[in-house]
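Beneath this line is the structure, given in structure tokens, with notes to follow.
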2 protein chains.
Amino acid sequence: MSIAVTPIIAIDRKARRPLHQQIYDAYRDSIVSGTLRPGQRVPSTRGLAAELGVSRMPVLGAYAQLMAEGYFQSRVGAGTTVSLSLPDQNLAPQPYKFRAKTARSARRRQVAERSFFPDSISTPPWRRGWGAFGVGQVALEEFPLRPWNSLVTRHSRLIGPKSLDYGHPMGLKDLREALMVYLRTARGVRCDAEQIMIVSGSQQALDIAARVLLESGSQVWMEEPGYRYARRVFALNGCRVVPIPVDGEGLKVGVGVKRCREARAVLVTPSHQYPLGVTMSASRRLQLLDWAERSGAWILEDDYDSDYRYEGMPISSLQGLDPNARVIYIGTFSKVLFPSLRLGYLVIPGDLVERFISVRLAMDIGPASFWQAVLADFIQEGHFSRHIRRMRLLYRERSHALVNGIEKELGSAVEVTGEQAGMHLCVTVSGISDREIVNRAARANLWLVPLSSSYMGRAARQGFILGFGSTATSEMTSAVRKLRNVLNLERVGGRASEQTRL
Amino acid sequence: MSIAVTPIIAIDRKARRPLHQQIYDAYRDSIVSGTLRPGQRVPSTRGLAAELGVSRMPVLGAYAQLMAEGYFQSRVGAGTTVSLSLPDQNLAPQPYKFRAKTARSARRRQVAERSFFPDSISTPPWRRGWGAFGVGQVALEEFPLRPWNSLVTRHSRLIGPKSLDYGHPMGLKDLREALMVYLRTARGVRCDAEQIMIVSGSQQALDIAARVLLESGSQVWMEEPGYRYARRVFALNGCRVVPIPVDGEGLKVGVGVKRCREARAVLVTPSHQYPLGVTMSASRRLQLLDWAERSGAWILEDDYDSDYRYEGMPISSLQGLDPNARVIYIGTFSKVLFPSLRLGYLVIPGDLVERFISVRLAMDIGPASFWQAVLADFIQEGHFSRHIRRMRLLYRERSHALVNGIEKELGSAVEVTGEQAGMHLCVTVSGISDREIVNRAARANLWLVPLSSSYMGRAARQGFILGFGSTATSEMTSAVRKLRNVLNLERVGGRASEQTRL
């Protein structure tokens with residue numbers, strides 16, 4: 001059922017045109033110009049009269065005329081609508097499309113240079129489907145919808161005038177306090193609730209931090225290979241990214257210092273490097289903190305999936321090691337709960353909180369309150385920790401199944417890194433062009449992120465980032481076989497001990 | 001060979017922290033603080049377990065973790081030692097509080113200049129309370145909670161794996177289509193659903209538009225007086241605001257052209273100028289569109305409360321008049337529904353949609369989906385139009401009550417503008433300092449926004465912006481009397497025809 005719509009009717013009591021004529025004209029013009037479309041409902045005569053502040057008589061008159069001439073029709077049960085028999089296209093003005101001339105003219109090129117990301121709109125092949133081996137895809141079917149929905153229902157009953165006004169730009173106090181407890185115990189983050197800002201996800205967290213801390217022209221170290229969507233944030237803020245290579249111990253701090261000692265900031269993923277999956281070693285952590293303190297640089301720690309660690313305890317955050325409050329800690333619920341929630345957080349050094357608030361106010365005033373309240377209860381009632389524990393077992397199983405499958409099916413043709421944690425691992429393959437293969441893979445419904453896409457410069461390695469979050473353990477073997485076929489590799493192991501490989 | 005050293009480990013069996021975590025923490029802290037030095041031997045797991053009087057399991061766990069993270073290393077013949085690759089410096093962490101020295105040090109001043117808004121954190125007196133005459137406050141108690149909540153409940157039952165993944169960066173299709181119908185018919189906006197981007201409110205809308213269209217250093221016309229929170233968006237984006245005076249016909253386009261013809265953009269509120277409340281005249285509209293087309297400038301039209309118009313029908317948007325697609329139209333649901341919803345929208349010229357999407361992706365990926373789905377149904381089922389019609393009557397009544405009260409109580413001491421529409425009007429008062437009075441008013445629970453705060457330069461007028469959205473008609477007279485007392489004015493009218501005024 002469509003909405004009852006009223007066109008813009010400018011009633012002029014002093015005009016010579018009688019009221020019913022004015023109403024009639026307004027409707028007819030709106031219909032002829034295509035503003036009102038066939039089948040759209042029109043208000044009742046009583047409703048329109050009230051809205052216009054006129055008596056019902058002229059409205060009845062106008063409607064009768066519109067009906068008589070065939071602009072309106074009245075059907076039992078459907079009320080009065082714009083007539084369905086009107087030719088939709090011929091009456092309509094030109095659709096609101098820009099002529100090529102306009103679009104190409106110089107005047108339309110007066111847009112900001114920083115907003116130009118040539119590759120950002122076309123969805124890359126590996127983002128087009130769901131399942132093996134989509135990266136960033138979580139086991140949505142395992143999400144505890146029952147307790148979640150009962151909290152949603154409970155909170156929707158609590159919606160009232162008080163919850164309808166603006167909230168605090170830092171976010172809901174209850175959620176920040178629940179998060180504080182979680183961050184201190186599960187991630188070794190040292191913080192008070194006053195330092196936690198709720199944001200819409202790690203992308204916004206990074207953007208706010210960049211706007212507070214970086215000038216246009218500031219230099220920023222990023223891991224190479226690294227998270228490509230983060231590069232856009234820095235580009236949007238006019239910063240220059242300096243890629244610093246990653247080895248088995250994480251970002252090579254010494255190379256960074258040699259290459260660009262005076263960088264204003266660094267973005268790192270120390271718990272589970274994206275995409276290689278390595279954990280930053282203790283000595284690199286201490287070197288990085290030392291450099292930051294000496295040079296006055298900021299460390300942006302993106303701790304996107306550190307909850308899931310399959311050997312030993314979760315790795316403590318870099319933030320918790322830092323005595324000088326130079327780390328801005330970024331977390332998200334997109335991986336540990338689900339992406340459409342659009343909630344994440346920043347842990348801000350105490351003396352920078354006001355700066356962050358003022359930038360936040362200018363950007364979007366603050367986060368919406370409802371989901372924060374639901375999530376605060378979800379954490380406080382224990383569902384959150386329970387979910388993490390369950391998922392850690394599930395993802396460990398999926399990770400093991402994937403690693404076993406790779407060993408069995410691909411053998412030494414590939415090298416696996418980063419399988420100790422998270423929801424993806426990385427395989428490097430020599431002698432291939434990973435970008436060529438991903439297109440072939442997509443045609444076979446296999447969603448491979450090419451490792452080379454994570455490099456800013458020339459890719460030092462070729463291979464794939466394999467997400468296993470959305471692939472059931474039972475389907476892992478067949479997914480790996482598909483991968484083997486796409487890679488044109490022969491089966492490894494079994495009775496055949498000699499293999500031919502690409 | 002050095003002796004195996006044990007840090008002081010205070011095992012607490014009653015603590016929630018598991019034993020292995022306690023052992024791990026003790027070693028890590030000792031290493032980071034320099035108590036244990038690179039190369040020093042650590043006891044065997046068996047030895048430490050005996051020493052601490054615990055089983056060997058937690059010690060094995062802690063050692064494995066310390067090894068994995070690189071704090072320990074194991075060499076044949078040397079046993080386990082503190083890792084030699086750790087930087088040997090004084091790493092001692094200070095307790096996590098900022099000493100005054102740190103906070104003042106030059107290193108902590110390495111933040112972006114554009115993020116400095118001296119006045120943004122301290123809440124001004126007029127934002128501290130609810131009721132007469134708070135600006136931007138809506139009649140929350142009149143919000144149709146029943147249909148809204150039943151939609152919330154219905155949609156919370158529909159939450160499932162499919163609704164948990166990322167949505168489209170432009171927003172939910174259903175909502176954009178419902179909005180398109182509404183915008184075309186009720187506001188005369190010419191658009192397709194593909195041009196509508198759902199955002200978190202008009203603040204984010206403005207920020208996205210600024211980032212797409214403006215460079216750092218771009219000049220932007222703003223109405224003087226104008227919306228002060230919008231100035232922050234331009235400041236944050238490094239733009240220079242050029243204030244252009246407003247008269248009874250809206251922004252004085254001629255003055256703008258004379259003062260800064262080459263401005264890249266203008267922000268206007270043509271339906272109901274904020275704060276004066278005037279409607280931009282047809283000739284000014286055409287002048288503005290003409291200037292924009294000639295100079296290649298962009299028009300940002302903030303149509304924040306045009307649904308409520310008390311004489312005649314809503315004024316058609318500037319966007320709908322523009323044949324050249326130079327207008328970016330901004331709307332919000334904060335006024336017409338409620339602020340904590342955090343939903344608004346942009347209508348984007350067709351050829352700029354991709355640019356907007358790419359900036360949006362870099363900023364926050366996209367809007368959360370749940371409320372969009374609820375709102376789409378709320379519109380499609382007719383609740384939205386019904387609510388607007390009801391509120392238009394209610395606010396008209398409140399507006400009339402306020403205007404009558406002012407006439408009766410304040411008489412010719414003040415001049416009223418902008419009472420034909422919206423949820424606020426403006427009174428100018430000569431011979432006062434409005435900022436002095438607002439503090440006095442706040443102490444009397446009267447929330448007055450000083451008109452002078454809306455000026456960038458010297459305030460040409462003093463007075464107040466009076467919101468009437470959250471004040472019941474029955475309370476209007478006493479609120480106006482309070483205002484009279486705060487202004488130190490004598491009662492007007494009644495038997496006393498002669499008055500003394502300030």
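If you're wondering about the labels, chains in the structure tokens are A, B, ... by order shown, residues count from 1 in each chain, ligands from 1 in order shown.
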
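Copies chain B and chain A share one sequence; their C-alpha RMSD after superposition is 9.8 Å.
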
**Message:** Which residues are near Asp29 (chain B)? Cut-off 12 Å, only C-alpha atoms, ignore same chain within fewer than 2 positions. Put them as a PyMOL selection string.
**Reply:** (chain A and resi 282+316+320-323) or (chain B and resi 7-9+21-27+31-37+66+71+91-94)

Need to verify the contact set: Gly331 (chain B), 7 Å, only C-alpha atoms, exclusion of same-chain residues closer than 2 positions in sequence. Can you return it as a CSV table (one decimal) with all heavy atoms, in the first residue's frame?
chain,number,residue,atom,x,y,z
B,202,SER,N,22.1,15.6,9.6
B,202,SER,CA,22.6,16.6,8.7
B,202,SER,C,24.0,17.0,8.9
B,202,SER,O,24.7,17.5,8.0
B,202,SER,CB,21.7,17.8,8.8
B,202,SER,OG,21.6,18.3,10.1
B,302,ASP,N,20.2,23.1,3.2
B,302,ASP,CA,19.9,22.4,4.4
B,302,ASP,C,18.4,22.7,4.7
B,302,ASP,O,18.0,23.8,5.1
B,302,ASP,CB,20.8,22.9,5.5
B,302,ASP,CG,20.5,22.1,6.8
B,302,ASP,OD1,19.6,21.2,6.8
B,302,ASP,OD2,21.2,22.4,7.8
B,303,ASP,N,17.6,21.7,4.5
B,303,ASP,CA,16.1,21.8,4.6
B,303,ASP,C,15.6,21.2,5.9
B,303,ASP,O,14.9,20.3,5.8
B,303,ASP,CB,15.5,21.2,3.3
B,303,ASP,CG,14.1,21.8,3.0
B,303,ASP,OD1,13.8,22.9,3.5
B,303,ASP,OD2,13.4,21.2,2.2
B,304,TYR,N,16.1,21.7,7.0
B,304,TYR,CA,16.0,21.0,8.2
B,304,TYR,C,14.6,21.0,8.9
B,304,TYR,O,14.3,20.1,9.6
B,304,TYR,CB,17.0,21.6,9.2
B,304,TYR,CG,16.7,23.1,9.6
B,304,TYR,CD1,16.1,23.4,10.8
B,304,TYR,CD2,17.0,24.1,8.7
B,304,TYR,CE1,15.8,24.7,11.1
B,304,TYR,CE2,16.7,25.4,9.0
B,304,TYR,CZ,16.1,25.7,10.2
B,304,TYR,OH,15.7,27.0,10.4
B,329,TYR,N,21.1,18.5,-1.7
B,329,TYR,CA,19.9,18.7,-0.8
B,329,TYR,C,20.2,17.9,0.5
B,329,TYR,O,20.5,16.7,0.4
B,329,TYR,CB,18.7,18.3,-1.5
B,329,TYR,CG,17.4,18.5,-0.7
B,329,TYR,CD1,16.7,19.7,-0.7
B,329,TYR,CD2,16.9,17.4,0.1
B,329,TYR,CE1,15.5,19.8,0.1
B,329,TYR,CE2,15.8,17.5,0.9
B,329,TYR,CZ,15.1,18.7,0.8
B,329,TYR,OH,14.0,18.9,1.6
B,344,GLY,N,19.5,10.8,8.6
B,344,GLY,CA,19.2,11.9,7.7
B,344,GLY,C,19.6,11.5,6.3
B,344,GLY,O,19.8,10.3,6.1
B,345,TYR,N,19.6,12.4,5.4
B,345,TYR,CA,19.9,12.0,4.0
B,345,TYR,C,20.4,13.1,3.1
B,345,TYR,O,20.3,14.3,3.5
B,345,TYR,CB,18.6,11.5,3.3
B,345,TYR,CG,17.4,12.3,3.6
B,345,TYR,CD1,17.0,13.4,2.7
B,345,TYR,CD2,16.6,12.2,4.7
B,345,TYR,CE1,16.0,14.2,2.9
B,345,TYR,CE2,15.5,13.0,5.0
B,345,TYR,CZ,15.2,14.0,4.1
B,345,TYR,OH,14.2,14.8,4.3
B,346,LEU,N,21.0,12.7,2.1
B,346,LEU,CA,21.5,13.6,1.1
B,346,LEU,C,20.8,13.3,-0.2
B,346,LEU,O,20.6,12.1,-0.5
B,346,LEU,CB,23.0,13.4,0.8
B,346,LEU,CG,24.1,13.9,1.8
B,346,LEU,CD1,25.3,13.1,1.6
B,346,LEU,CD2,24.3,15.4,1.5

**Item:** Counting only C-alpha atoms, the residue of B:Thr6, B:Ser115, B:Thr45, B:Gln372 that sits nearest chain A
**Value:** B:Ser115

**Request:** Show which residues sit within 10 Å of Asp307 (chain A), as a PyMOL selection string. Count only C-alpha atoms, and ignore same-chain residues fewer than 4 positions away.
**Result:** chain A and resi 186-187+271+303+313-315+335-336+385+388-389+391-392+421-422

**Request:** Please return as a ChimeraX atom specification: the residues of region 87-253 of chain A that backbone DSSP assigns to strand (DSSP E).
**Result:** /A:196-199,219-224,240-247,250-251

**Fill in**
If you count only C-alpha atoms, the residue of B:Arg326, B:Arg284, B:Arg56, B:His272 closest to chain A turns out to be B:Arg326

Residues at most 10 Å from Ala401 (chain B), counting only C-alpha atoms, excluding those fewer than 3 positions away in the same chain, as a short mmCIF file (atom, residue, chain, number, x, y, z; two decimals) with all heavy atoms, in the first residue's frame?
data_model
loop_
_atom_site.label_atom_id
_atom_site.label_comp_id
_atom_site.auth_asym_id
_atom_site.auth_seq_id
_atom_site.Cartn_x
_atom_site.Cartn_y
_atom_site.Cartn_z
N TYR B 395 2.37 22.24 16.40
CA TYR B 395 3.39 23.29 16.44
C TYR B 395 2.79 24.64 16.02
O TYR B 395 3.22 25.68 16.49
CB TYR B 395 4.59 22.94 15.55
CG TYR B 395 5.44 21.81 16.10
CD1 TYR B 395 5.93 20.82 15.26
CD2 TYR B 395 5.78 21.74 17.45
CE1 TYR B 395 6.72 19.78 15.76
CE2 TYR B 395 6.56 20.71 17.96
CZ TYR B 395 7.03 19.72 17.10
OH TYR B 395 7.81 18.71 17.59
N ARG B 396 1.80 24.60 15.12
CA ARG B 396 1.13 25.85 14.76
C ARG B 396 0.49 26.46 15.99
O ARG B 396 0.61 27.65 16.25
CB ARG B 396 0.09 25.59 13.67
CG ARG B 396 -0.76 26.84 13.39
CD ARG B 396 -1.36 26.85 12.02
NE ARG B 396 -2.28 25.73 11.83
CZ ARG B 396 -2.85 25.43 10.67
NH1 ARG B 396 -2.58 26.15 9.59
NH2 ARG B 396 -3.68 24.42 10.57
N GLU B 397 -0.16 25.60 16.77
CA GLU B 397 -0.81 26.07 17.99
C GLU B 397 0.23 26.65 18.95
O GLU B 397 0.05 27.73 19.52
CB GLU B 397 -1.51 24.87 18.64
CG GLU B 397 -2.49 25.19 19.71
CD GLU B 397 -3.03 23.89 20.33
OE1 GLU B 397 -3.98 23.33 19.77
OE2 GLU B 397 -2.48 23.46 21.36
N ARG B 398 1.34 25.94 19.11
CA ARG B 398 2.38 26.41 20.02
C ARG B 398 3.00 27.71 19.52
O ARG B 398 3.30 28.62 20.30
CB ARG B 398 3.46 25.33 20.21
CG ARG B 398 2.94 24.13 20.96
CD ARG B 398 3.97 23.06 21.27
NE ARG B 398 3.32 21.99 22.04
CZ ARG B 398 3.94 20.92 22.53
NH1 ARG B 398 5.23 20.75 22.33
NH2 ARG B 398 3.27 20.03 23.22
N ASN B 404 1.42 35.21 20.43
CA ASN B 404 0.43 35.97 21.21
C ASN B 404 1.01 36.38 22.55
O ASN B 404 0.83 37.52 22.99
CB ASN B 404 -0.84 35.15 21.43
CG ASN B 404 -1.60 34.96 20.12
OD1 ASN B 404 -1.40 35.74 19.18
ND2 ASN B 404 -2.44 33.93 20.06
N GLY B 405 1.67 35.43 23.20
CA GLY B 405 2.28 35.73 24.50
C GLY B 405 3.28 36.86 24.38
O GLY B 405 3.32 37.76 25.23
N ILE B 406 4.11 36.80 23.35
CA ILE B 406 5.13 37.84 23.18
C ILE B 406 4.47 39.19 22.97
O ILE B 406 4.87 40.20 23.57
CB ILE B 406 6.06 37.49 21.99
CG1 ILE B 406 6.94 36.28 22.35
CG2 ILE B 406 6.93 38.67 21.60
CD1 ILE B 406 7.75 35.73 21.20
N GLU B 407 3.44 39.22 22.12
CA GLU B 407 2.75 40.49 21.87
C GLU B 407 2.18 41.07 23.16
O GLU B 407 2.30 42.26 23.44
CB GLU B 407 1.62 40.30 20.86
CG GLU B 407 2.12 40.39 19.43
CD GLU B 407 1.03 40.03 18.42
OE1 GLU B 407 -0.16 39.94 18.82
OE2 GLU B 407 1.38 39.82 17.24
N PHE B 468 10.02 26.40 20.36
CA PHE B 468 8.76 26.14 21.07
C PHE B 468 8.32 24.69 20.93
O PHE B 468 7.24 24.31 21.35
CB PHE B 468 7.66 27.10 20.60
CG PHE B 468 7.53 27.18 19.10
CD1 PHE B 468 6.86 26.20 18.40
CD2 PHE B 468 8.10 28.24 18.39
CE1 PHE B 468 6.76 26.26 17.01
CE2 PHE B 468 7.99 28.31 17.01
CZ PHE B 468 7.33 27.32 16.31
N ALA B 472 4.51 22.95 26.02
CA ALA B 472 3.08 22.79 25.80
C ALA B 472 2.41 24.16 25.68
O ALA B 472 2.87 25.14 26.29
CB ALA B 472 2.46 22.00 26.95
N THR B 473 1.36 24.21 24.87
CA THR B 473 0.63 25.46 24.67
C THR B 473 0.21 26.07 26.01
O THR B 473 0.32 27.28 26.23
CB THR B 473 -0.60 25.21 23.80
OG1 THR B 473 -0.16 24.60 22.58
CG2 THR B 473 -1.34 26.49 23.47
N SER B 474 -0.23 25.19 26.91
CA SER B 474 -0.73 25.69 28.20
C SER B 474 0.37 26.32 29.05
O SER B 474 0.08 27.09 29.97
CB SER B 474 -1.37 24.53 28.96
OG SER B 474 -0.40 23.51 29.18
N GLU B 475 1.61 25.99 28.75
CA GLU B 475 2.71 26.54 29.55
C GLU B 475 3.37 27.73 28.90
O GLU B 475 4.32 28.29 29.44
CB GLU B 475 3.76 25.45 29.80
CG GLU B 475 3.29 24.36 30.73
CD GLU B 475 4.11 23.09 30.60
OE1 GLU B 475 5.26 23.16 30.11
OE2 GLU B 475 3.58 22.02 30.97
N MET B 476 2.86 28.09 27.70
CA MET B 476 3.56 29.11 26.94
C MET B 476 3.52 30.47 27.62
O MET B 476 4.53 31.18 27.69
CB MET B 476 2.96 29.19 25.53
CG MET B 476 3.91 29.68 24.48
SD MET B 476 5.37 28.62 24.24
CE MET B 476 4.75 27.39 23.11
N THR B 477 2.32 30.82 28.15
CA THR B 477 2.20 32.15 28.76
C THR B 477 3.16 32.32 29.93
O THR B 477 3.85 33.34 30.04
CB THR B 477 0.75 32.38 29.23
OG1 THR B 477 -0.12 32.10 28.13
CG2 THR B 477 0.55 33.83 29.67
N VAL B 480 6.65 32.79 28.73
CA VAL B 480 6.91 34.15 28.21
C VAL B 480 7.02 35.14 29.36
O VAL B 480 7.84 36.07 29.33
CB VAL B 480 5.81 34.58 27.20
CG1 VAL B 480 6.05 36.01 26.73
CG2 VAL B 480 5.80 33.65 26.00
#

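Candidate residues A:Asp351, A:Ala4, A:Ala205, A:Ile159 were compared for distance to Ala178 (chain B), and the nearest is A:Ala4, using only C-alpha atoms.
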
**Request:** Mind listing the helix (DSSP H, G or I) residues of region 308-466 of chain B, per DSSP on the backbone, as a PyMOL selection string?
**Result:** chain B and resi 319-321+339-341+350-364+370-380+383-409+411-413+434-443+451-454

**Asked** Excluding same-chain residues fewer than 3 positions from region 192-201 of chain B, what lies within 10 Å of it counting only C-alpha atoms, as a count of residues only?
**Response** 59

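Between chain B and the residues A:Met222, A:Ala460, A:Cys260, A:Leu337, the shortest atom-to-atom distance, using only C-alpha atoms, involves A:Leu337.
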
**Request:** Counting only C-alpha atoms, figure out which residue out of B:Arg261, B:Arg41, B:Arg285, B:Arg108 gets nearest to chain A.
**Result:** B:Arg108

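The environment of Gln219 (chain A) within 9 Å, counting only C-alpha atoms and disregarding residues fewer than 6 places along the same chain, consists of Cys239, Arg240, Val241, Val242, Cys260, Glu262, Ala263, Arg264, Ala265 and Val266 of chain A.
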
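Between CA of Ile299 (chain B) and CA of Ser317 (chain B) lies a distance of 12.0 Å.
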
**Fill in**
Separating CA of Gly431 (chain B) from CA of Gly250 (chain B), to the nearest tenth of an Å, is a gap of 24.6 Å
